[in-house]
Each structure stands twice: as C-alpha cells, then as structure tokens.
Amino acid sequence: MPILKPPFFAIGLLSGCLLAYEVLLTRLFSIVLWHHFAYMIISAAMLGFGASGTALTLLKEKIAPHVGAVYLIAAAGMAFLMPMAFLLAQQVPFNPLELLWDSTQPAKLLVIYLLMMLPFFFGGLCIGLVLWYFGDNAGRIYAFDIFGAGVGSLGVIGLLYIVPPHKVLIILTTLALLAAAMAVIELQMRPKWMAKIFFGLAILAPVALPGNWLLTQPSLYKDLSQTLNITGMRVIEERSSPLGQITVVESSRIPFRHAPGMSFNATDEPPPQLAVFVDGNGPAVITRFDGDLAPLAYLDQLTSALPYHVLEQPHDQPHVLVLGAGAGSDVLQALYHGASKIDAVELDRNVIDLLQHRFHDFAGDPYTRPGVRVHEGEARGFVNISHDRYDLIQVALLDSFGVASAGLYGLSESYLYTVEALETYLNRLTPGGMLAVTRWLNLPPRDSLKLFATAVTALERAGVSEPAARLAMIRGWKTVTLLVKNSDFTSNEIAAIKEFSRARSFDLAYYPGMRADEANHYNLLVQPYFFEGAVALLGTERQAFLDRYKFYIEPATDDRPYFFRLFKWNAAAELFALREQGGMALLDWSYPLLVATLGQAFVASILLILMPLAVSRCRHTLPTTRVVLYFLAIGLAFMFMEIAFIQKFVLFLAHPLYAVAVVLCAFLVFAAAGSWLAQRWQSRMAGSRNVTLAVMIMGALAVLYLVALPDVFQALIHLPDAVKIVISIALIAPLAVCMGIPFPTGMMRLAHTAQDAIPWAWAINGFASVIGAVLATLLAIHLGFAAVILLAVLLYGLACAALRD
C-alpha cells in the first residue's frame with residue numbers, strides 16, 4: 001500500500017527528542033567527565049546523521065517497498081538506544097587524564113564516540129528516509145524536522161529544572177516511543193494496533209527503565225569519587241539544575257578542614273565544614289558559623305586575605321564585592337576583616353538556597369548577616385549594572401585544584417578572566433580600590449602568569465602608562481593572589497604586603513620596585529620563576545617572552561576566552577620526552593583530546609559515511625563535483641557559524657549549557673523558517689539567486705554582529721535569563737533564516753535532476769558537519785570566534801559559486 005503523505009508531526013517530535021538528547025548529553029558528560037564535551041557530542045550526532053545517509057544510499061532499493069516498516073524499526077531503535085548507549089558508555093573505563101600516556105585510552109574514547117553516535121544514526125535514518133521518499137516535500141519536511149529540533153533543544157533546559165538528568169533521559173525515551181506511535185497513524189500503516197503497541201511501550205518505559213539504572217557515575221578520578229572512597233564520608237544532600245549537580249558531603253569521623261593555601265605558620269584550625277561538589281568537582285565548603293568571628297581567624301592565614309591588610313584609610317572597612325560567592329567562604333573572610341558592606345554574587349540559586357535553608361543552622365546564613373546582600377546572577381552582568389563603587393572586588397577561587405592542575409578546563413570558555421572582564425572590574429573600583437584574584441599555584445607557572453599578563457594588558461587598555469606601579473602578587477605553597485590597584489601602590493601599602501607575607505611565610509612574587517633577592521625565600525623553587533615572569537611581562541620584550549615560554553600565556557580576550565588553554569605544540573615534544581621524569585603531568589590534556597577527537601571524527605566519517613558509498617555500486621550515482629562542493633561547503637559553514645555563536649553566547653547567557661540549548665534552538669527553528677521559504681521559492685532557475693541573496697544578507701549580518709555584539713552584550717548582560725534568551729533568539733533569527741535556505745534548495749534541485757544522488761548529498765553534508773563541529777572549536781581557540789564566523793561566510797560564498805549553472 002503506497003504511503004500518501006509524510007509523517008510531519010512524527011518527524012517533528014522525533015527531531016525534538018534527538019536534539020533534546022544532544023543537549024542532555026552535554027549535561028550528563030559534564031557530570032561523568034570534566035567539561036561539557038559539547039563539540040564532541042555535536043560531532044557524534046552529525047556522524048550518526050551522515051552514516052544514516054550512507055546506509056540509506058546502499059539499501060534504498062531494498063527499503064523502497066517497506067518504507068513504513070523500516071521507519072518504525074529505526075524509530076524504535078533510536079528510542080531504545082538513547083538510554084542504552086549512555087548506560088554502556090558509562091561502563092567504558094575512559095580516563096582523559098591518561099590519554100597522553102596510556103595507548104588504550106584513544107580506543108576507549110572512540111568507543112564512547114561511536115556509542116553516542118548510534119541513537120543519532122537511527123534518528124537520522126528516519127529523517128533521511130522521509131526526505132528521500134518524499135523529495136518534492138523536502139522543504140516542509142526539513143521545516144518540521146528542524147523546528148521540532150529547536151523546540152526540543154530549548155525545552156530540555158526547562159525539564160532539567162524540574163527533574164534530574166537521568167530522569168530526563170527516561171522522559172525522552174517515552175517521547176521517542178510516542179513519536180513512533182504517531183508515525184503509525186500519519187503513515188496510515190497496517191495493522192493499526194501497532195500504534196497501540198508503541199503507546200503501551202511509552203507508558204511502560206518509566207517502569208522498565210528504573211532511574212537507578214541510569215544514574216550518572218562520575219569518573220573514579222573526580223574529586224567527589226575520591227572523597228567518597230574515604231571511610232566515613234557520606235552524601236547528605238543533592239540538588240540538580242542545568243547549572244550543575246550539587247552534592248554535599250560530610251564526614252562522620254573527621255570533619256572537613258578545607259583552607260586552600262593556608263600558611264604553614266597558622267595555629268588556628270578551621271571550624272567543622274561540609275564539602276560541596278559541583279558536577280563532582282571541588283570541594284568548596286560550608287563552614288560552621290554561629291555569628292562569632294573568632295573561629296574564622298584561619299581565614300586570615302590565606303593568600304586571599306592580603307588585600308584586607310593592604311587597604312588604607314578610607315578603605316579599612318571596605319565595601320566588598322565577591323564574585324562567585326559559592327558556599328560563602330569569601331563572604332566569611334570579608335566579615336572577619338571588618339567589611340562594612342558585602343555584595344555577594346552567585347550564579348546558581350541552589351547554592352544560595354543550601355545556605356539559607358537546608359544548612360541554615362550549620363552555616364549561620366552568612367548571606368543574611370548585617371551589611372551582606374546576596375545577588376543571584378552572572379558576575380560580569382552584575383558588575384555592568386551595579387551603580388556602586390567598591391573598595392575591593394574579590395574573584396573567588398572557583399575551580400578545583402585537581403581539575404585546574406590537570407588542564408581539564410583547557411577547552412572551556414571562561415569570560416571571568418579576560419582582558420575585557422578585568423577592565424570591567426577596574427571600572428567599578430573606588431579611587432585607590434583593589435581587584436584581588438586568587439588562583440591555584442602550578443609549577444612551572446602557567447595560569448598565574450597568564451592572569452598577570454591579562455592584567456597588564458587591561459591596565460594598558462585603560463590608559464595606564466605604568467602598569468608596573470599598580471600590580472602586586474604573592475604566592476603560598478598552593479595558591480597565588482594577584483592585586484590590581486586603581487592607583488599606584490603607596491610605600492605604606494608595599495610595606496604591608498611585605499609584612500603580611502613575612503608573617504605567614506608567603507613568598508613575594510612581585511610588587512613595584514621589588515628586587516630579585518626578595519623573591520623565593522620560604523616555599524623554595526629552583527629559580528624565582530614568578531618574579532622573573534612578572535618582570536618579563538612588564539618589560540619591553542614581553543612578546544618575545546610570551547613566544548618562547550613553554551606554555552601559552554597570551555592574555556585571554558572575549559574573542560578567545562580560553563583562559564585555561566595553556567598547550568603549545570612546540571613544547572609538547574619536549575614534555576613528552578620527559579614523561580618518565582614527570583613531564584607528562586605538565587601537558588594540558590584537553591587540547592590533545594580535541595585534536596584526537598578531530599582525528600577520530602575524520603576517520604570515522606570516512607569509514608562510516610563516504611567509503612561504503614565509494615566502493616559500492618552506488619558510486620555510479622555520485623553527484624557532480626559542483627554538487628559535492630556545494631553540500632560540503634554548506635555543511636562546514638553551518639557548523640562553523642553554529643559552534644562559534646554557541647561559544648560567543650556563553651558570555652551573554654552565563655553558562656555553556658544555556659548557550660548550547662538557546663543557540664541551537666534559535667538556529668534550528670529559524671532555519672526551519674528559511675527552509676519553508678525555500679519550499680515556496682522552489683523554482684529551479686530561482687534557486688541559485690535565492691541562495692546568493694540569502695548568503696549576501698547573512699554575510700552583512702555576520703559582519704554587523706562582529707562589530708555590534710560586544711556592546712550589545714555589555715549593555716544587556718544584566719537582564720534576567722528569560723529576557724536574555726528572548727534577545728538571543730531575536731538576534732540569531734535573521735541569520736538563521738538565511739542559513740536555512742541553501743540545504744533544502746540544493747535538495748530540491750537534486751529531486752528534479754538526480755534524485756538518486758539525494759542520499760549522497762545527505763552523507764556529504766553529514767561528513768562536513770562531523771568535521772566542522774570539532775574543527776570550529778579548534779579554529780576558535782587559535783584564531784578567535786570572529787575568524788571562524790568570517791570563514792563560515794566565505795564557505796557560503798563558495799557554495800553560491802558551486803550552485804551556479
């Protein structure tokens with residue numbers, strides 16, 4: 001029985017599940033591993049879609065008489081594999097920390113990559129099958145496909161506020177089974193009771209998939225896993241949201257004593273504490289506090305206490321801004337040192353709620369103490385809108401020591417430590433006020449010198465002729481604190497820096513006028529590396545020093561906000577040669593992981609997408625060189641634009657997961673509108689003109705955004721999340737409409753000229769997307785987001801040229 005019309009609504013729901021699953025995987029992998037792996041998940045999804053095009057090409061003659069049945073089998077396979085692929089991936093003993101010296105780790109990474117690909121293969125088979133069989137309706141099908149995908153990518157964020165990630169996975173499985181049932185109805189398949197079977201399976205899915213089967217299992221090497229291995233440790237509270245999974249741990253035997261970089265001279269021990277882990281990283285701590293400041297004396301023995309000893313009148317009872325207040329340690333430190341007013345900014349509402357409610361009696365609710373105001377929001381957004389001036393701005397020690405020292409954040413965007421961020425902070429200081437940033441100490445010096453270089457550049461951009469007079473830095477055995485002053489340091493302040501360091505056996509790293517023999521007295525190094533680095537970064541040969549340094553310590557900017565990217569290719573060979581002497585521990589593993597992922601994506605896409613077609617009899621349906629070039633170019637360009645805007649909008653939307661979901665939603669929903677327009681304009685002769693016009697508008701918008709977006713973000717970053725989401729979608733919408741026109745236009749042209757080549761085009765576009773997802777991130781790290789966006793425009797221009805008759 002012939003099928004009369006496409007299953008539009010089933011395709012929309014199925015695509016929504018697929019994209020929701022894609023976004024969800026970034027959340028799940030941030031818990032299981034160390035960072036969100038968005039580029040890898042997107043690449044795996046594209047590999048699945050591309051491989052489905054290849055399978056469709058090879059099997060289309062056998063499939064043609066059974067389109068409905070094959071569609072249902074593929075839809076059921078997708079629904080089954082969404083939970084099972086993730087469950088199996090958690091059983092793979094992959095440890096990114098061992099990637100560079102354990103020869104089995106790349107293979108384990110590949111296994112995870114291929115497992116993640118499988119649900120997208122079956123989902124892509126459903127979509128590709130419908131596009132091929134109903135080629136004349138490609139525009140409408142594509143519109144339902146990407147509209148559903150866009151809604152799913154944003155809707156999953158709402159779900160993550162209501163239920164934990166592993167339960168969202170069960171919900172998506174249920175919806176995928178409902179999509180299969182809907183397809184039976186729309187395709188008018190026989191027997192009709194098949195729809196009832198899929199409805200029944202959807203109802204049974206939450207029972208058949210108990211939540212404890214799919215609970216996330218953090219890597220054995222994460223901080224939380226290591227902590228729970230200690231006798232007496234137990235989890236007493238868990239909270240989950242799109243911003244992170246929070247786990248609170250207590251010890252029934254020995255209370256936590258967490259004081260990062262505490263002086264060896266200290267005689268005061270911390271009060272009892274509870275450990276707080278976010279996505280398994282940490283800990284931060286909730287400290288027992290009953291209003292008595294005396295037990296907080298240990299906080300005066302940290303390098304982060306330095307600014308309170310340096311500030312002079314009228315700043316000796318300072319108005320303090322704490323960015324990244326978290327569990328409240330920096331707020332307690334400010335209270336101990338007599339701050340008159342404290343503004344504490346914390347992004348995650350769950351963290352604030354823990355202190356104000358669940359652990360109110362234990363923590364003493366520091367956020368409601370006299371003079372303390374807590375603000376839920378993003379750090380830079382708050383600083384932009386604040387009308388207050390601060391005597392001290394403290395940037396809290398936000399990340400875990402183990403994560404930072406292993407280079408696990410190397411691919412993560414951090415807009416907290418860019419040149420533009422530091423400029424923003426400095427603009428909110430009172431005359432003579434200070435910015436204080438504390439970082440973990442790594443040897444040889446890496447991110448501490450990168451921070452120093454970033455501060456120097458920020459001061460120079462602000463018009464300061466002598467940055468050297470406004471900087472000071474000290475180090476303990478585990479932490480480094482940098483001070484950036486809104487005026488030159490006075491002789492009294494310099495004396496206070498010296499005395500503070502001497503009394504606590506902290507080493508002076510830099511202050512104005514410092515001599516080399518004043519460095520390296522207590523925590524001895526082979527050479528005074530920190531002092532030498534600071535002097536070089538303030539000297540006339542700064543760029544030469546940056547070029548020859550073993551690590552990448554160029555200042556981070558908003559266009560390249562990879563503050564934790566420290567890897568240099570020219571040092572990799574030397575460090576690898578020293579692997580038996582500890583050199584491997586100095587390599588930032590995340591960058592080689594990105595390169596390894598690009599390599600495996602290329603090989604996997606060749607083997608699973610292109611090679612099977614090339615060696616089969618289907619090679620006779622290979623489209624012309626122009627068609628290959630066209631679909632290759634638009635595949636790369638779409639991914640370049642999408643990935644660059646995801647990364648760029650992390651600043652505006654305050655969190656990578658928000659950026660992934662919102663930007664994907666906007667691009668897909670409005671690309672669907674572009675696809676609908678392409679369907680309306682499907683005259684063959686008009687196709688190339690339509691694409692050319694769309695690319696011209698897109699290029700103009702891209703250039704406009706590159707110029708205007710920094711100022712737009714600066715002006716609007718303070719707005720509530722819901723408003724910023726709407727603004728983000730509105731900004732992306734016109735660009736996405738234009739980007740939605742080229743693919744269906746090319747597909748509809750093939751439907752009239754070479755229909756058998758449609759699966760080839762689908763496969764080629766998928767191949768380009770697989771590579772583009774990873775390559776875009778790699779290029780952004782090296783060239784910046786602006787360059788990736790301009791490359792995308794050039795690729796679309798190449799596609800225009802290829803489409804011309």
# chains A, B, ... in the order shown; residues from 1 in each chain; ligands from 1

call {"tool": "residues_around", "arguments": {"residues": "Gly371 in chain A", "least_positions_apart": "2", "cutoff": "8 Å", "atoms": "only C-alpha atoms", "output": "VMD selection string"}}
result
chain A and resid 340 to 342 369 373

call {"tool": "residues_around", "arguments": {"residues": "Ala180 in chain A", "least_positions_apart": "3", "cutoff": "10 Å", "atoms": "only C-alpha atoms", "output": "ChimeraX atom specification"}}
result
/A:7,10-11,13-14,71-76,78-79,175-177,183-186,194-195,197-199,202

call {"tool": "write_last_selection", "arguments": {"atoms": "N, CA and C atoms", "output": "mmCIF file, in the first residue's frame"}}
result
data_model
loop_
_atom_site.group_PDB
_atom_site.id
_atom_site.type_symbol
_atom_site.label_atom_id
_atom_site.label_comp_id
_atom_site.auth_asym_id
_atom_site.auth_seq_id
_atom_site.Cartn_x
_atom_site.Cartn_y
_atom_site.Cartn_z
ATOM 1 N N PRO A 7 5.130 11.785 7.414
ATOM 2 C CA PRO A 7 4.718 11.883 8.830
ATOM 3 C C PRO A 7 5.287 13.153 9.461
ATOM 4 N N ALA A 10 5.247 13.404 13.378
ATOM 5 C CA ALA A 10 6.139 12.392 13.956
ATOM 6 C C ALA A 10 7.596 12.796 13.775
ATOM 7 N N ILE A 11 7.927 13.352 12.618
ATOM 8 C CA ILE A 11 9.298 13.817 12.372
ATOM 9 C C ILE A 11 9.645 14.958 13.320
ATOM 10 N N LEU A 13 8.419 15.574 16.343
ATOM 11 C CA LEU A 13 8.611 15.078 17.703
ATOM 12 C C LEU A 13 9.896 14.265 17.809
ATOM 13 N N LEU A 14 10.160 13.435 16.802
ATOM 14 C CA LEU A 14 11.384 12.644 16.821
ATOM 15 C C LEU A 14 12.626 13.549 16.825
ATOM 16 N N TYR A 71 11.008 2.670 8.713
ATOM 17 C CA TYR A 71 10.920 3.885 9.530
ATOM 18 C C TYR A 71 10.620 3.519 10.978
ATOM 19 N N LEU A 72 9.674 2.627 11.192
ATOM 20 C CA LEU A 72 9.295 2.248 12.562
ATOM 21 C C LEU A 72 10.434 1.529 13.281
ATOM 22 N N ILE A 73 11.125 0.641 12.563
ATOM 23 C CA ILE A 73 12.252 -0.071 13.186
ATOM 24 C C ILE A 73 13.334 0.913 13.608
ATOM 25 N N ALA A 74 13.616 1.878 12.737
ATOM 26 C CA ALA A 74 14.635 2.882 13.059
ATOM 27 C C ALA A 74 14.202 3.754 14.232
ATOM 28 N N ALA A 75 12.922 4.151 14.252
ATOM 29 C CA ALA A 75 12.424 4.982 15.352
ATOM 30 C C ALA A 75 12.488 4.224 16.677
ATOM 31 N N ALA A 76 12.130 2.938 16.651
ATOM 32 C CA ALA A 76 12.211 2.127 17.872
ATOM 33 C C ALA A 76 13.662 1.947 18.304
ATOM 34 N N MET A 78 16.103 4.063 17.827
ATOM 35 C CA MET A 78 16.534 5.318 18.436
ATOM 36 C C MET A 78 16.039 5.417 19.878
ATOM 37 N N ALA A 79 14.763 5.094 20.090
ATOM 38 C CA ALA A 79 14.189 5.183 21.437
ATOM 39 C C ALA A 79 14.912 4.245 22.405
ATOM 40 N N LEU A 175 8.964 9.912 24.974
ATOM 41 C CA LEU A 175 8.514 10.765 23.863
ATOM 42 C C LEU A 175 8.915 10.173 22.511
ATOM 43 N N ALA A 176 10.087 9.533 22.457
ATOM 44 C CA ALA A 176 10.514 8.915 21.201
ATOM 45 C C ALA A 176 9.581 7.766 20.821
ATOM 46 N N LEU A 177 9.136 7.007 21.803
ATOM 47 C CA LEU A 177 8.177 5.932 21.524
ATOM 48 C C LEU A 177 6.825 6.505 21.094
ATOM 49 N N ALA A 183 3.798 8.130 14.102
ATOM 50 C CA ALA A 183 4.150 7.814 12.715
ATOM 51 C C ALA A 183 3.228 6.741 12.144
ATOM 52 N N VAL A 184 2.864 5.740 12.962
ATOM 53 C CA VAL A 184 1.940 4.701 12.501
ATOM 54 C C VAL A 184 0.630 5.333 12.033
ATOM 55 N N ILE A 185 0.158 6.298 12.799
ATOM 56 C CA ILE A 185 -1.118 6.954 12.455
ATOM 57 C C ILE A 185 -0.973 7.804 11.196
ATOM 58 N N GLU A 186 0.106 8.622 11.140
ATOM 59 C CA GLU A 186 0.264 9.527 9.993
ATOM 60 C C GLU A 186 0.539 8.765 8.699
ATOM 61 N N MET A 194 -0.479 -1.485 15.803
ATOM 62 C CA MET A 194 0.929 -1.170 16.081
ATOM 63 C C MET A 194 1.065 0.148 16.830
ATOM 64 N N ALA A 195 0.179 1.072 16.539
ATOM 65 C CA ALA A 195 0.214 2.353 17.254
ATOM 66 C C ALA A 195 -0.048 2.125 18.738
ATOM 67 N N ILE A 197 0.676 -0.544 20.413
ATOM 68 C CA ILE A 197 1.860 -1.171 20.999
ATOM 69 C C ILE A 197 2.875 -0.111 21.407
ATOM 70 N N PHE A 198 3.115 0.853 20.507
ATOM 71 C CA PHE A 198 4.091 1.889 20.826
ATOM 72 C C PHE A 198 3.590 2.809 21.943
ATOM 73 N N PHE A 199 2.285 3.090 21.954
ATOM 74 C CA PHE A 199 1.736 3.853 23.074
ATOM 75 C C PHE A 199 1.939 3.095 24.382
ATOM 76 N N ALA A 202 5.489 3.281 25.493
ATOM 77 C CA ALA A 202 5.778 4.608 26.050
ATOM 78 C C ALA A 202 5.326 4.699 27.502
#

call {"tool": "closest_residue", "arguments": {"among": "A:Ala787, A:Cys17, A:Leu636, A:Ile643", "to": "Val770 in chain A", "atoms": "only C-alpha atoms"}}
result
A:Leu636

call {"tool": "atom_distance", "arguments": {"atom1": "CA of Met641 in chain A", "atom2": "CA of Ala792 in chain A"}}
result
5.9 Å

call {"tool": "closest_residue", "arguments": {"among": "A:Pro106, A:Gly533, A:Gly328, A:Pro242", "to": "Pro165 in chain A", "atoms": "only C-alpha atoms"}}
result
A:Pro242

call {"tool": "decode", "arguments": {"residues": "range 347-396 of chain A", "atoms": "N, CA and C atoms", "output": "compact mmCIF listing (two decimals), in the first residue's frame"}}
result
# COMPACT_ATOMS: atom_id res chain seq x y z
N LEU A 347 25.89 32.53 40.80
CA LEU A 347 25.06 32.21 39.64
C LEU A 347 23.98 31.18 39.96
N ASP A 348 24.29 30.19 40.77
CA ASP A 348 23.39 29.05 40.98
C ASP A 348 22.51 29.26 42.20
N ARG A 349 21.22 29.36 41.98
CA ARG A 349 20.26 29.57 43.06
C ARG A 349 20.30 28.42 44.07
N ASN A 350 20.58 27.21 43.62
CA ASN A 350 20.62 26.08 44.53
C ASN A 350 21.68 26.24 45.61
N VAL A 351 22.82 26.82 45.26
CA VAL A 351 23.89 27.03 46.24
C VAL A 351 23.42 28.02 47.31
N ILE A 352 22.81 29.10 46.88
CA ILE A 352 22.29 30.09 47.83
C ILE A 352 21.25 29.45 48.74
N ASP A 353 20.38 28.66 48.14
CA ASP A 353 19.30 28.04 48.91
C ASP A 353 19.84 27.08 49.97
N LEU A 354 20.92 26.39 49.68
CA LEU A 354 21.50 25.47 50.66
C LEU A 354 21.89 26.21 51.93
N LEU A 355 22.51 27.39 51.76
CA LEU A 355 22.95 28.15 52.92
C LEU A 355 21.79 28.81 53.65
N GLN A 356 20.79 29.23 52.90
CA GLN A 356 19.69 29.96 53.53
C GLN A 356 18.64 29.06 54.14
N HIS A 357 18.57 27.81 53.71
CA HIS A 357 17.51 26.94 54.20
C HIS A 357 18.04 25.60 54.73
N ARG A 358 18.48 24.73 53.82
CA ARG A 358 18.84 23.37 54.24
C ARG A 358 19.90 23.37 55.33
N PHE A 359 20.94 24.22 55.21
CA PHE A 359 22.02 24.24 56.19
C PHE A 359 22.08 25.58 56.93
N HIS A 360 20.92 26.16 57.12
CA HIS A 360 20.83 27.46 57.80
C HIS A 360 21.45 27.41 59.19
N ASP A 361 21.10 26.40 59.97
CA ASP A 361 21.60 26.33 61.35
C ASP A 361 23.11 26.08 61.38
N PHE A 362 23.59 25.26 60.48
CA PHE A 362 25.03 24.94 60.46
C PHE A 362 25.85 26.14 59.98
N ALA A 363 25.42 26.77 58.88
CA ALA A 363 26.20 27.83 58.25
C ALA A 363 25.94 29.20 58.83
N GLY A 364 24.89 29.35 59.62
CA GLY A 364 24.59 30.66 60.18
C GLY A 364 24.09 31.66 59.15
N ASP A 365 23.75 31.17 57.97
CA ASP A 365 23.23 32.00 56.88
C ASP A 365 24.03 33.30 56.71
N PRO A 366 25.27 33.19 56.23
CA PRO A 366 26.09 34.40 56.08
C PRO A 366 25.50 35.40 55.11
N TYR A 367 24.62 34.94 54.22
CA TYR A 367 24.08 35.85 53.22
C TYR A 367 23.00 36.78 53.76
N THR A 368 22.59 36.57 55.01
CA THR A 368 21.62 37.49 55.60
C THR A 368 22.22 38.25 56.79
N ARG A 369 23.54 38.20 56.95
CA ARG A 369 24.20 38.95 58.02
C ARG A 369 24.06 40.44 57.75
N PRO A 370 24.11 41.28 58.79
CA PRO A 370 24.03 42.73 58.58
C PRO A 370 25.11 43.21 57.60
N GLY A 371 24.68 43.97 56.62
CA GLY A 371 25.62 44.51 55.63
C GLY A 371 25.86 43.61 54.44
N VAL A 372 25.34 42.38 54.48
CA VAL A 372 25.58 41.43 53.38
C VAL A 372 24.34 41.35 52.49
N ARG A 373 24.57 41.46 51.19
CA ARG A 373 23.49 41.28 50.21
C ARG A 373 23.93 40.22 49.21
N VAL A 374 23.07 39.24 48.98
CA VAL A 374 23.40 38.20 48.01
C VAL A 374 22.61 38.46 46.74
N HIS A 375 23.27 38.26 45.60
CA HIS A 375 22.66 38.52 44.29
C HIS A 375 22.80 37.26 43.44
N GLU A 376 21.68 36.77 42.96
CA GLU A 376 21.72 35.63 42.05
C GLU A 376 21.94 36.16 40.64
N GLY A 377 23.07 35.84 40.05
CA GLY A 377 23.34 36.34 38.72
C GLY A 377 24.74 36.05 38.25
N GLU A 378 25.01 36.43 37.02
CA GLU A 378 26.32 36.24 36.40
C GLU A 378 27.23 37.40 36.79
N ALA A 379 28.50 37.08 37.05
CA ALA A 379 29.43 38.06 37.62
C ALA A 379 29.55 39.32 36.78
N ARG A 380 29.86 39.16 35.51
CA ARG A 380 30.07 40.36 34.69
C ARG A 380 28.78 41.13 34.46
N GLY A 381 27.68 40.39 34.36
CA GLY A 381 26.41 41.09 34.22
C GLY A 381 26.11 41.95 35.43
N PHE A 382 26.39 41.43 36.62
CA PHE A 382 26.15 42.22 37.83
C PHE A 382 27.06 43.44 37.89
N VAL A 383 28.32 43.24 37.57
CA VAL A 383 29.26 44.37 37.62
C VAL A 383 28.85 45.45 36.63
N ASN A 384 28.34 45.06 35.47
CA ASN A 384 27.93 46.03 34.46
C ASN A 384 26.80 46.94 34.93
N ILE A 385 25.87 46.38 35.71
CA ILE A 385 24.70 47.17 36.09
C ILE A 385 24.84 47.82 37.45
N SER A 386 25.81 47.37 38.22
CA SER A 386 25.94 47.91 39.57
C SER A 386 26.30 49.39 39.52
N HIS A 387 25.61 50.18 40.31
CA HIS A 387 25.92 51.61 40.39
C HIS A 387 26.87 51.89 41.54
N ASP A 388 27.19 50.86 42.31
CA ASP A 388 28.09 51.04 43.45
C ASP A 388 29.55 51.04 42.99
N ARG A 389 30.37 51.65 43.83
CA ARG A 389 31.81 51.57 43.66
C ARG A 389 32.36 50.77 44.84
N TYR A 390 33.35 49.95 44.57
CA TYR A 390 33.83 49.02 45.59
C TYR A 390 35.29 49.30 45.94
N ASP A 391 35.56 49.19 47.23
CA ASP A 391 36.95 49.30 47.67
C ASP A 391 37.74 48.04 47.32
N LEU A 392 37.02 46.91 47.28
CA LEU A 392 37.68 45.65 46.96
C LEU A 392 36.72 44.77 46.17
N ILE A 393 37.21 44.23 45.06
CA ILE A 393 36.48 43.21 44.31
C ILE A 393 37.30 41.93 44.40
N GLN A 394 36.69 40.90 44.99
CA GLN A 394 37.34 39.60 45.15
C GLN A 394 36.78 38.63 44.11
N VAL A 395 37.65 38.06 43.29
CA VAL A 395 37.26 36.98 42.40
C VAL A 395 37.62 35.67 43.09
N ALA A 396 36.62 34.93 43.48
CA ALA A 396 36.83 33.76 44.32
C ALA A 396 37.59 32.66 43.57
